[in-house]
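Below is final25.cif, holding mmCIF, C-alpha atoms and all ligand atoms.
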data_input
#
loop_
_atom_site.group_PDB
_atom_site.id
_atom_site.type_symbol
_atom_site.label_atom_id
_atom_site.label_comp_id
_atom_site.auth_asym_id
_atom_site.auth_seq_id
_atom_site.Cartn_x
_atom_site.Cartn_y
_atom_site.Cartn_z
ATOM 1 C CA MET A 1 165.285 -135.227 -27.022
ATOM 2 C CA ALA A 2 168.818 -136.458 -26.347
ATOM 3 C CA VAL A 3 171.235 -136.449 -29.277
ATOM 4 C CA THR A 4 172.573 -139.898 -30.215
ATOM 5 C CA ILE A 5 174.818 -141.218 -32.948
ATOM 6 C CA ASN A 6 171.614 -141.767 -34.989
ATOM 7 C CA THR A 7 170.797 -138.057 -34.724
ATOM 8 C CA LEU A 8 174.173 -137.235 -36.298
ATOM 9 C CA ARG A 9 173.619 -139.855 -39.027
ATOM 10 C CA ASN A 10 170.189 -138.338 -39.778
ATOM 11 C CA TYR A 11 171.732 -134.874 -40.064
ATOM 12 C CA LYS A 12 174.186 -136.225 -42.633
ATOM 13 C CA GLU A 13 171.455 -138.002 -44.596
ATOM 14 C CA LYS A 14 169.378 -134.814 -44.720
ATOM 15 C CA GLY A 15 172.389 -132.606 -45.506
ATOM 16 C CA GLU A 16 171.857 -130.578 -42.304
ATOM 17 C CA ALA A 17 174.982 -129.304 -40.535
ATOM 18 C CA PHE A 18 175.415 -129.889 -36.789
ATOM 19 C CA ALA A 19 177.393 -128.010 -34.137
ATOM 20 C CA VAL A 20 179.920 -129.347 -31.622
ATOM 21 C CA LEU A 21 181.878 -127.451 -28.954
ATOM 22 C CA THR A 22 184.352 -128.465 -26.320
ATOM 23 C CA ALA A 23 183.386 -128.038 -22.664
ATOM 24 C CA TYR A 24 185.162 -129.264 -19.585
ATOM 25 C CA ASP A 25 182.857 -128.498 -16.645
ATOM 26 C CA ALA A 26 179.231 -128.806 -15.550
ATOM 27 C CA THR A 27 178.285 -125.131 -15.877
ATOM 28 C CA PHE A 28 179.548 -124.741 -19.432
ATOM 29 C CA ALA A 29 178.094 -128.140 -20.351
ATOM 30 C CA GLN A 30 174.675 -126.865 -19.285
ATOM 31 C CA VAL A 31 175.121 -123.532 -21.105
ATOM 32 C CA VAL A 32 176.319 -125.053 -24.395
ATOM 33 C CA SER A 33 173.735 -127.849 -24.432
ATOM 34 C CA GLU A 34 170.903 -125.412 -23.620
ATOM 35 C CA ALA A 35 172.166 -123.140 -26.414
ATOM 36 C CA GLY A 36 171.581 -125.972 -28.909
ATOM 37 C CA VAL A 37 174.998 -127.574 -29.364
ATOM 38 C CA ASP A 38 174.491 -131.150 -30.599
ATOM 39 C CA ALA A 39 177.628 -132.695 -29.107
ATOM 40 C CA ILE A 40 180.094 -131.727 -26.401
ATOM 41 C CA LEU A 41 183.722 -132.779 -26.729
ATOM 42 C CA ILE A 42 185.809 -133.163 -23.601
ATOM 43 C CA GLY A 43 188.955 -132.609 -25.619
ATOM 44 C CA ASP A 44 192.500 -133.127 -24.447
ATOM 45 C CA SER A 45 192.805 -129.473 -25.537
ATOM 46 C CA LEU A 46 192.063 -128.963 -21.831
ATOM 47 C CA GLY A 47 195.776 -129.536 -21.319
ATOM 48 C CA MET A 48 196.403 -126.293 -23.183
ATOM 49 C CA VAL A 49 193.349 -124.136 -22.396
ATOM 50 C CA LEU A 50 192.844 -125.143 -18.734
ATOM 51 C CA GLN A 51 196.265 -126.379 -17.618
ATOM 52 C CA GLY A 52 198.533 -124.050 -19.607
ATOM 53 C CA HIS A 53 200.701 -126.713 -21.251
ATOM 54 C CA ASP A 54 202.076 -126.080 -24.732
ATOM 55 C CA SER A 55 200.720 -129.408 -26.007
ATOM 56 C CA THR A 56 198.043 -131.981 -25.149
ATOM 57 C CA LEU A 57 200.595 -134.681 -24.266
ATOM 58 C CA PRO A 58 200.632 -134.253 -20.460
ATOM 59 C CA VAL A 59 196.861 -134.911 -20.124
ATOM 60 C CA THR A 60 196.033 -138.111 -18.235
ATOM 61 C CA MET A 61 193.098 -140.523 -18.195
ATOM 62 C CA GLU A 62 192.316 -139.531 -14.619
ATOM 63 C CA GLN A 63 192.004 -135.878 -15.661
ATOM 64 C CA ILE A 64 189.782 -136.597 -18.671
ATOM 65 C CA CYS A 65 187.538 -138.844 -16.539
ATOM 66 C CA TYR A 66 187.197 -136.057 -13.957
ATOM 67 C CA HIS A 67 186.093 -133.585 -16.651
ATOM 68 C CA VAL A 68 183.748 -136.114 -18.314
ATOM 69 C CA ARG A 69 182.001 -136.664 -14.967
ATOM 70 C CA SER A 70 181.606 -132.885 -14.534
ATOM 71 C CA VAL A 71 180.266 -132.381 -18.071
ATOM 72 C CA ALA A 72 177.840 -135.309 -17.705
ATOM 73 C CA LYS A 73 176.319 -133.617 -14.632
ATOM 74 C CA GLY A 74 175.630 -130.328 -16.434
ATOM 75 C CA ASN A 75 174.745 -131.695 -19.866
ATOM 76 C CA ARG A 76 171.150 -131.279 -21.073
ATOM 77 C CA GLY A 77 170.849 -133.782 -23.899
ATOM 78 C CA ALA A 78 173.960 -133.291 -26.046
ATOM 79 C CA LEU A 79 176.053 -136.276 -27.157
ATOM 80 C CA ILE A 80 179.167 -136.481 -24.968
ATOM 81 C CA MET A 81 182.419 -137.265 -26.790
ATOM 82 C CA ALA A 82 185.540 -137.906 -24.717
ATOM 83 C CA ASP A 83 189.106 -137.729 -25.956
ATOM 84 C CA MET A 84 191.368 -140.675 -25.257
ATOM 85 C CA PRO A 85 194.561 -138.941 -24.095
ATOM 86 C CA PHE A 86 198.087 -139.523 -25.390
ATOM 87 C CA MET A 87 199.180 -143.196 -25.122
ATOM 88 C CA SER A 88 195.903 -144.281 -23.485
ATOM 89 C CA TYR A 89 195.275 -146.463 -26.588
ATOM 90 C CA GLY A 90 198.860 -147.546 -27.269
ATOM 91 C CA THR A 91 197.821 -151.215 -27.030
ATOM 92 C CA ILE A 92 194.419 -152.837 -27.553
ATOM 93 C CA PRO A 93 194.029 -153.980 -23.898
ATOM 94 C CA SER A 94 194.845 -150.478 -22.616
ATOM 95 C CA ALA A 95 192.496 -148.947 -25.201
ATOM 96 C CA LEU A 96 189.630 -151.203 -24.068
ATOM 97 C CA ASP A 97 190.179 -150.469 -20.359
ATOM 98 C CA ASN A 98 190.488 -146.740 -20.930
ATOM 99 C CA ALA A 99 187.526 -146.494 -23.324
ATOM 100 C CA ALA A 100 185.431 -148.363 -20.735
ATOM 101 C CA ALA A 101 186.541 -145.935 -18.005
ATOM 102 C CA LEU A 102 185.456 -142.953 -20.134
ATOM 103 C CA MET A 103 182.055 -144.530 -20.825
ATOM 104 C CA ARG A 104 181.600 -145.258 -17.110
ATOM 105 C CA ALA A 105 182.418 -141.604 -16.396
ATOM 106 C CA GLY A 106 179.533 -140.537 -18.647
ATOM 107 C CA ALA A 107 180.798 -140.394 -22.239
ATOM 108 C CA HIS A 108 178.668 -141.610 -25.159
ATOM 109 C CA MET A 109 181.603 -141.871 -27.606
ATOM 110 C CA VAL A 110 185.404 -141.908 -27.439
ATOM 111 C CA LYS A 111 187.781 -140.135 -29.814
ATOM 112 C CA LEU A 112 191.211 -141.410 -30.906
ATOM 113 C CA GLU A 113 193.850 -139.602 -32.982
ATOM 114 C CA GLY A 114 195.780 -141.413 -35.688
ATOM 115 C CA THR A 115 195.662 -143.122 -39.066
ATOM 116 C CA ASP A 116 195.325 -146.669 -40.444
ATOM 117 C CA TRP A 117 197.353 -148.189 -37.571
ATOM 118 C CA MET A 118 194.279 -147.558 -35.330
ATOM 119 C CA ALA A 119 192.002 -149.865 -37.357
ATOM 120 C CA ASP A 120 192.364 -152.923 -35.080
ATOM 121 C CA THR A 121 192.012 -150.783 -31.953
ATOM 122 C CA ILE A 122 188.873 -149.099 -33.296
ATOM 123 C CA LYS A 123 187.427 -152.483 -34.252
ATOM 124 C CA ALA A 124 188.082 -153.861 -30.770
ATOM 125 C CA ILE A 125 186.464 -150.853 -29.058
ATOM 126 C CA SER A 126 183.538 -150.661 -31.472
ATOM 127 C CA ASP A 127 182.851 -154.431 -31.337
ATOM 128 C CA ARG A 128 182.356 -154.060 -27.577
ATOM 129 C CA GLY A 129 179.584 -151.488 -27.983
ATOM 130 C CA ILE A 130 181.483 -148.231 -27.668
ATOM 131 C CA PRO A 131 180.931 -145.611 -30.396
ATOM 132 C CA VAL A 132 184.197 -144.259 -31.802
ATOM 133 C CA CYS A 133 185.288 -141.034 -33.469
ATOM 134 C CA ALA A 134 188.507 -141.253 -35.515
ATOM 135 C CA HIS A 135 190.450 -137.960 -35.581
ATOM 136 C CA LEU A 136 192.595 -137.465 -38.731
ATOM 137 C CA GLY A 137 194.585 -134.626 -40.273
ATOM 138 C CA LEU A 138 196.384 -132.433 -37.762
ATOM 139 C CA THR A 139 196.324 -134.772 -34.773
ATOM 140 C CA PRO A 140 197.853 -132.705 -31.934
ATOM 141 C CA GLN A 141 199.160 -135.768 -30.062
ATOM 142 C CA PHE A 142 201.563 -136.168 -33.027
ATOM 143 C CA VAL A 143 202.903 -132.600 -32.840
ATOM 144 C CA ASN A 144 206.449 -133.846 -32.253
ATOM 145 C CA LYS A 145 206.300 -136.072 -35.366
ATOM 146 C CA PHE A 146 204.787 -133.267 -37.451
ATOM 147 C CA GLY A 147 207.380 -130.773 -36.180
ATOM 148 C CA GLY A 148 204.670 -128.268 -35.261
ATOM 149 C CA TYR A 149 200.956 -127.600 -35.694
ATOM 150 C CA LYS A 150 200.774 -127.736 -39.498
ATOM 151 C CA VAL A 151 197.956 -128.164 -42.020
ATOM 152 C CA GLN A 152 197.917 -131.803 -43.228
ATOM 153 C CA GLY A 153 197.017 -133.320 -46.606
ATOM 154 C CA ARG A 154 198.174 -130.451 -48.790
ATOM 155 C CA ASP A 155 199.736 -132.545 -51.551
ATOM 156 C CA GLU A 156 197.728 -134.998 -53.618
ATOM 157 C CA LYS A 157 199.584 -138.100 -52.376
ATOM 158 C CA GLN A 158 198.898 -137.208 -48.739
ATOM 159 C CA ALA A 159 195.315 -136.280 -49.617
ATOM 160 C CA GLU A 160 194.635 -139.649 -51.251
ATOM 161 C CA GLN A 161 196.202 -141.428 -48.294
ATOM 162 C CA MET A 162 193.935 -139.530 -45.873
ATOM 163 C CA ILE A 163 190.838 -140.483 -47.894
ATOM 164 C CA GLU A 164 191.974 -144.122 -47.797
ATOM 165 C CA HIS A 165 192.585 -143.960 -44.028
ATOM 166 C CA ALA A 166 189.150 -142.444 -43.383
ATOM 167 C CA CYS A 167 187.531 -145.265 -45.382
ATOM 168 C CA GLN A 168 189.619 -147.927 -43.583
ATOM 169 C CA LEU A 169 188.755 -146.555 -40.150
ATOM 170 C CA GLU A 170 185.070 -146.349 -41.032
ATOM 171 C CA ALA A 171 185.205 -149.985 -42.206
ATOM 172 C CA ALA A 172 186.880 -150.889 -38.880
ATOM 173 C CA GLY A 173 183.942 -149.407 -36.948
ATOM 174 C CA ALA A 174 184.476 -145.640 -36.620
ATOM 175 C CA ASP A 175 181.047 -144.014 -36.292
ATOM 176 C CA VAL A 176 182.294 -140.458 -36.763
ATOM 177 C CA ILE A 177 185.359 -138.986 -38.492
ATOM 178 C CA LEU A 178 186.899 -135.716 -37.252
ATOM 179 C CA LEU A 179 189.186 -133.739 -39.576
ATOM 180 C CA GLU A 180 191.448 -131.047 -38.170
ATOM 181 C CA CYS A 181 193.318 -128.475 -40.292
ATOM 182 C CA VAL A 182 193.025 -129.989 -43.741
ATOM 183 C CA PRO A 183 192.362 -128.152 -47.031
ATOM 184 C CA SER A 184 188.622 -127.628 -47.495
ATOM 185 C CA ALA A 185 188.571 -129.451 -50.865
ATOM 186 C CA LEU A 186 190.075 -132.563 -49.239
ATOM 187 C CA ALA A 187 187.602 -132.406 -46.330
ATOM 188 C CA ALA A 188 184.760 -132.241 -48.880
ATOM 189 C CA ARG A 189 186.131 -135.349 -50.669
ATOM 190 C CA ILE A 190 186.377 -137.296 -47.392
ATOM 191 C CA THR A 191 182.866 -136.208 -46.355
ATOM 192 C CA GLN A 192 181.573 -137.594 -49.686
ATOM 193 C CA ALA A 193 183.650 -140.779 -49.447
ATOM 194 C CA VAL A 194 182.363 -142.015 -46.064
ATOM 195 C CA ARG A 195 178.841 -142.667 -44.773
ATOM 196 C CA ALA A 196 179.859 -141.688 -41.227
ATOM 197 C CA PRO A 197 179.192 -138.082 -40.177
ATOM 198 C CA VAL A 198 182.341 -135.957 -40.569
ATOM 199 C CA ILE A 199 183.120 -133.136 -38.131
ATOM 200 C CA GLY A 200 185.591 -130.452 -39.169
ATOM 201 C CA ILE A 201 187.797 -127.894 -37.459
ATOM 202 C CA GLY A 202 189.819 -125.833 -39.894
ATOM 203 C CA ALA A 203 188.424 -128.124 -42.600
ATOM 204 C CA GLY A 204 186.041 -125.838 -44.481
ATOM 205 C CA LYS A 205 182.285 -125.574 -44.723
ATOM 206 C CA ASP A 206 181.517 -128.873 -46.475
ATOM 207 C CA THR A 207 181.911 -131.287 -43.560
ATOM 208 C CA ASP A 208 178.704 -132.547 -41.912
ATOM 209 C CA GLY A 209 179.427 -130.823 -38.595
ATOM 210 C CA GLN A 210 181.799 -128.254 -37.115
ATOM 211 C CA VAL A 211 183.684 -128.158 -33.831
ATOM 212 C CA LEU A 212 185.578 -125.388 -32.055
ATOM 213 C CA VAL A 213 187.318 -125.106 -28.723
ATOM 214 C CA LEU A 214 184.942 -123.168 -26.433
ATOM 215 C CA HIS A 215 187.583 -120.775 -25.127
ATOM 216 C CA ASP A 216 188.658 -119.931 -28.692
ATOM 217 C CA MET A 217 185.153 -119.100 -29.956
ATOM 218 C CA LEU A 218 184.649 -116.863 -26.912
ATOM 219 C CA GLY A 219 187.905 -115.064 -27.761
ATOM 220 C CA ILE A 220 189.439 -115.821 -24.349
ATOM 221 C CA PRO A 221 193.048 -116.864 -25.136
ATOM 222 C CA PRO A 222 195.304 -113.815 -25.498
ATOM 223 C CA GLY A 223 197.527 -113.471 -28.560
ATOM 224 C CA LYS A 224 197.128 -114.389 -32.199
ATOM 225 C CA LYS A 225 194.179 -116.654 -32.962
ATOM 226 C CA ALA A 226 194.326 -119.550 -35.410
ATOM 227 C CA ARG A 227 192.962 -118.902 -38.919
ATOM 228 C CA PHE A 228 189.994 -121.257 -38.411
ATOM 229 C CA VAL A 229 188.776 -119.559 -35.200
ATOM 230 C CA LYS A 230 186.020 -116.961 -35.064
ATOM 231 C CA ASN A 231 185.202 -114.971 -31.928
ATOM 232 C CA PHE A 232 181.415 -115.280 -31.597
ATOM 233 C CA LEU A 233 181.247 -113.291 -28.340
ATOM 234 C CA ALA A 234 181.710 -110.081 -30.318
ATOM 235 C CA GLU A 235 178.416 -110.640 -32.179
ATOM 236 C CA GLY A 236 176.597 -112.729 -29.560
ATOM 237 C CA GLY A 237 176.864 -110.141 -26.780
ATOM 238 C CA SER A 238 176.839 -112.745 -23.985
ATOM 239 C CA ILE A 239 178.174 -116.262 -23.532
ATOM 240 C CA PRO A 240 174.826 -117.987 -24.287
ATOM 241 C CA GLY A 241 174.320 -115.506 -27.150
ATOM 242 C CA ALA A 242 177.755 -116.332 -28.593
ATOM 243 C CA ILE A 243 177.053 -120.046 -28.481
ATOM 244 C CA GLU A 244 173.619 -119.580 -30.075
ATOM 245 C CA ALA A 245 175.247 -117.458 -32.810
ATOM 246 C CA TYR A 246 177.820 -120.219 -33.424
ATOM 247 C CA VAL A 247 175.118 -122.911 -33.628
ATOM 248 C CA ALA A 248 173.069 -120.777 -36.043
ATOM 249 C CA ALA A 249 176.108 -119.981 -38.214
ATOM 250 C CA VAL A 250 177.069 -123.669 -38.422
ATOM 251 C CA ARG A 251 173.495 -124.724 -39.261
ATOM 252 C CA GLU A 252 173.159 -122.142 -42.046
ATOM 253 C CA ARG A 253 176.748 -122.888 -43.196
ATOM 254 C CA SER A 254 177.876 -119.276 -42.898
ATOM 255 C CA PHE A 255 180.651 -120.508 -40.572
ATOM 256 C CA PRO A 256 183.339 -121.370 -41.468
ATOM 257 C CA ALA A 257 183.708 -118.641 -44.098
ATOM 258 C CA GLU A 258 186.444 -118.566 -46.750
ATOM 259 C CA GLU A 259 188.737 -116.621 -44.400
ATOM 260 C CA HIS A 260 188.659 -119.516 -41.875
ATOM 261 C CA THR A 261 189.669 -122.221 -44.351
ATOM 262 C CA PHE A 262 192.863 -123.672 -45.814
ATOM 263 C CA LYS A 263 193.672 -124.382 -49.459
ATOM 264 C CA ALA A 264 195.868 -127.184 -50.825
HETATM 265 O O1 LIG B 1 191.103 -131.720 -27.951
HETATM 266 C C1 LIG B 1 190.262 -131.110 -28.626
HETATM 267 O O2 LIG B 1 189.599 -130.174 -28.169
HETATM 268 C C2 LIG B 1 190.082 -131.517 -30.005
HETATM 269 C C3 LIG B 1 189.413 -130.558 -30.938
HETATM 270 C C4 LIG B 1 190.358 -129.475 -31.294
HETATM 271 C C5 LIG B 1 188.853 -131.216 -32.129
HETATM 272 O O3 LIG B 1 190.495 -132.577 -30.379
#
Go ahead and render the structure in this file as structure tokens.
Amino acid sequence: MAVTINTLRNYKEKGEAFAVLTAYDATFAQVVSEAGVDAILIGDSLGMVLQGHDSTLPVTMEQICYHVRSVAKGNRGALIMADMPFMSYGTIPSALDNAAALMRAGAHMVKLEGTDWMADTIKAISDRGIPVCAHLGLTPQFVNKFGGYKVQGRDEKQAEQMIEHACQLEAAGADVILLECVPSALAARITQAVRAPVIGIGAGKDTDGQVLVLHDMLGIPPGKKARFVKNFLAEGGSIPGAIEAYVAAVRERSFPAEEHTFKA
């Protein structure tokens, strides 16, 4: 049966963890959905892992739409989440047009990066029938403001502000919250504070779901890997095996382990 936003809500209610991966093409969409991944994210991370940029900022709407169409063709029942690229939601009219374009391309939900300033935009999108994921914490489109890819919410003032923002964005209509690179104790507090399912990456084991970039969990990028990444190909033995191992580890909450998490 196809995964919907209600499936994710039911997982949260039952305390069952769910697994999300990025994918950008039809073949991988088929492989990850057949391996049991609940949701596929067409992330603007494609700017880094597919296009070789050093940030996600150059990614355009046209490119994300192209990849959403490809993923939709290969997908076998996972929920399709599409990133709204940098400045595609700078104003409410542009956000509505661009969210509509992503839904027409085959997405089931759009994802926006930011904080409380997105509340009106999220309300406008959500009121028009489009499910929304609000991405908080380390939001890579803000890398130039952050001065690098840094863990967010480490001090108590910032942590309380992030909890408040998550609650505000949920009240505005966000159906899902995504937390990237935040201390695990803060992610646990946010997961408790909101009714919406919370997906984590570098956010510890207590969020409702986990997401990783596909290329990272297959150990493809050369060089040093981020703390929150685990290479599942080593234990899975094949690409479908690696993805099945990831799904199983997320469901039994053995991933992320302590070594993949951040402290305040
Ligand atoms: O772009 C992306 O792939 C993402 C994930 C890292 C959460 O936003």
Given the choices A:Gly173, A:Gly47, A:Gly200, A:Pro93, which gets closest to Gly129 (chain A) if the distance is worked out from all atoms listed in the file? A:Gly173
Which chains and residue numbers are within 8 Å of ligand LIG 1 (chain B), counting all atoms listed in the file, if I want them as a list in words? Thr22, Leu41, Ile42, Gly43, Asp44, Ser45, Leu46, Thr56, Asp83, His135, Thr139, Pro140, Leu178, Leu179, Glu180, Gly200, Ile201, Val211, Leu212 and Val213 of chain A
Any idea what the distance is between CA of Pro183 (chain A) and CA of Glu252 (chain A)?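 It comes out at 20.7 Å.
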Suppose a student applies the PyMOL selection byres (((chain A and resi 204) around 10) and not hetatm) to this structure; what residues should they get, written as a list of chain:residue names? A:Leu179, A:Glu180, A:Cys181, A:Val182, A:Pro183, A:Ser184, A:Ala185, A:Leu186, A:Ala187, A:Ala188, A:Gly200, A:Ile201, A:Gly202, A:Ala203, A:Lys205, A:Asp206, A:Thr207, A:Gln210, A:Phe228, A:Arg253, A:Phe255, A:Pro256, A:Ala257, A:Glu258, A:Glu259, A:His260, A:Thr261, A:Phe262, A:Lys263
Students should find that CA of Ser33 (chain A) and CA of Phe18 (chain A) are spaced 12.6 Å
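Residues matched by the PyMOL selection byres (((chain A and resi 4) around 10) and not hetatm) in this structure: Met1, Ala2, Val3, Ile5, Asn6, Thr7, Leu8, Arg9, Asn10, Asp38, Ala39, Gly77, Ala78, Leu79, Ile80, His108 and Met109 of chain A.
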Counting only C-alpha atoms, the residue of A:Lys12, A:Lys145, A:Arg189, A:Lys230 that sits nearest Asp216 (chain A):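 Residue with the minimum atom-to-atom distance to Asp216 (chain A): A:Lys230.
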Rank nothing, just name the residue among A:Gly52, A:Gly209, A:Gly74, A:Pro58 nearest to Asp25 (chain A), using only C-alpha atoms. A:Gly74
Could you state which residues are captured by the PyMOL selection byres (((chain A and resi 232) around 7) and not hetatm) in this file, as a list of chain:residue names? A:Met217, A:Leu218, A:Lys230, A:Asn231, A:Leu233, A:Ala234, A:Glu235, A:Gly236, A:Ala242, A:Ala245, A:Tyr246
Measure the distance from CA of Ile220 (chain A) to CA of Val49 (chain A) in Å and round it to one decimal. 9.4 Å
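Close contacts of Ala26 (chain A), defined as residues with an atom at most 12 Å away when counting all atoms listed in the file, with chain neighbours fewer than 6 positions off set aside, comprise Val32, Ser33, Ile40, Ile42, Tyr66, His67, Val68, Arg69, Ser70, Val71, Ala72, Lys73, Gly74, Asn75 and Arg76 of chain A.
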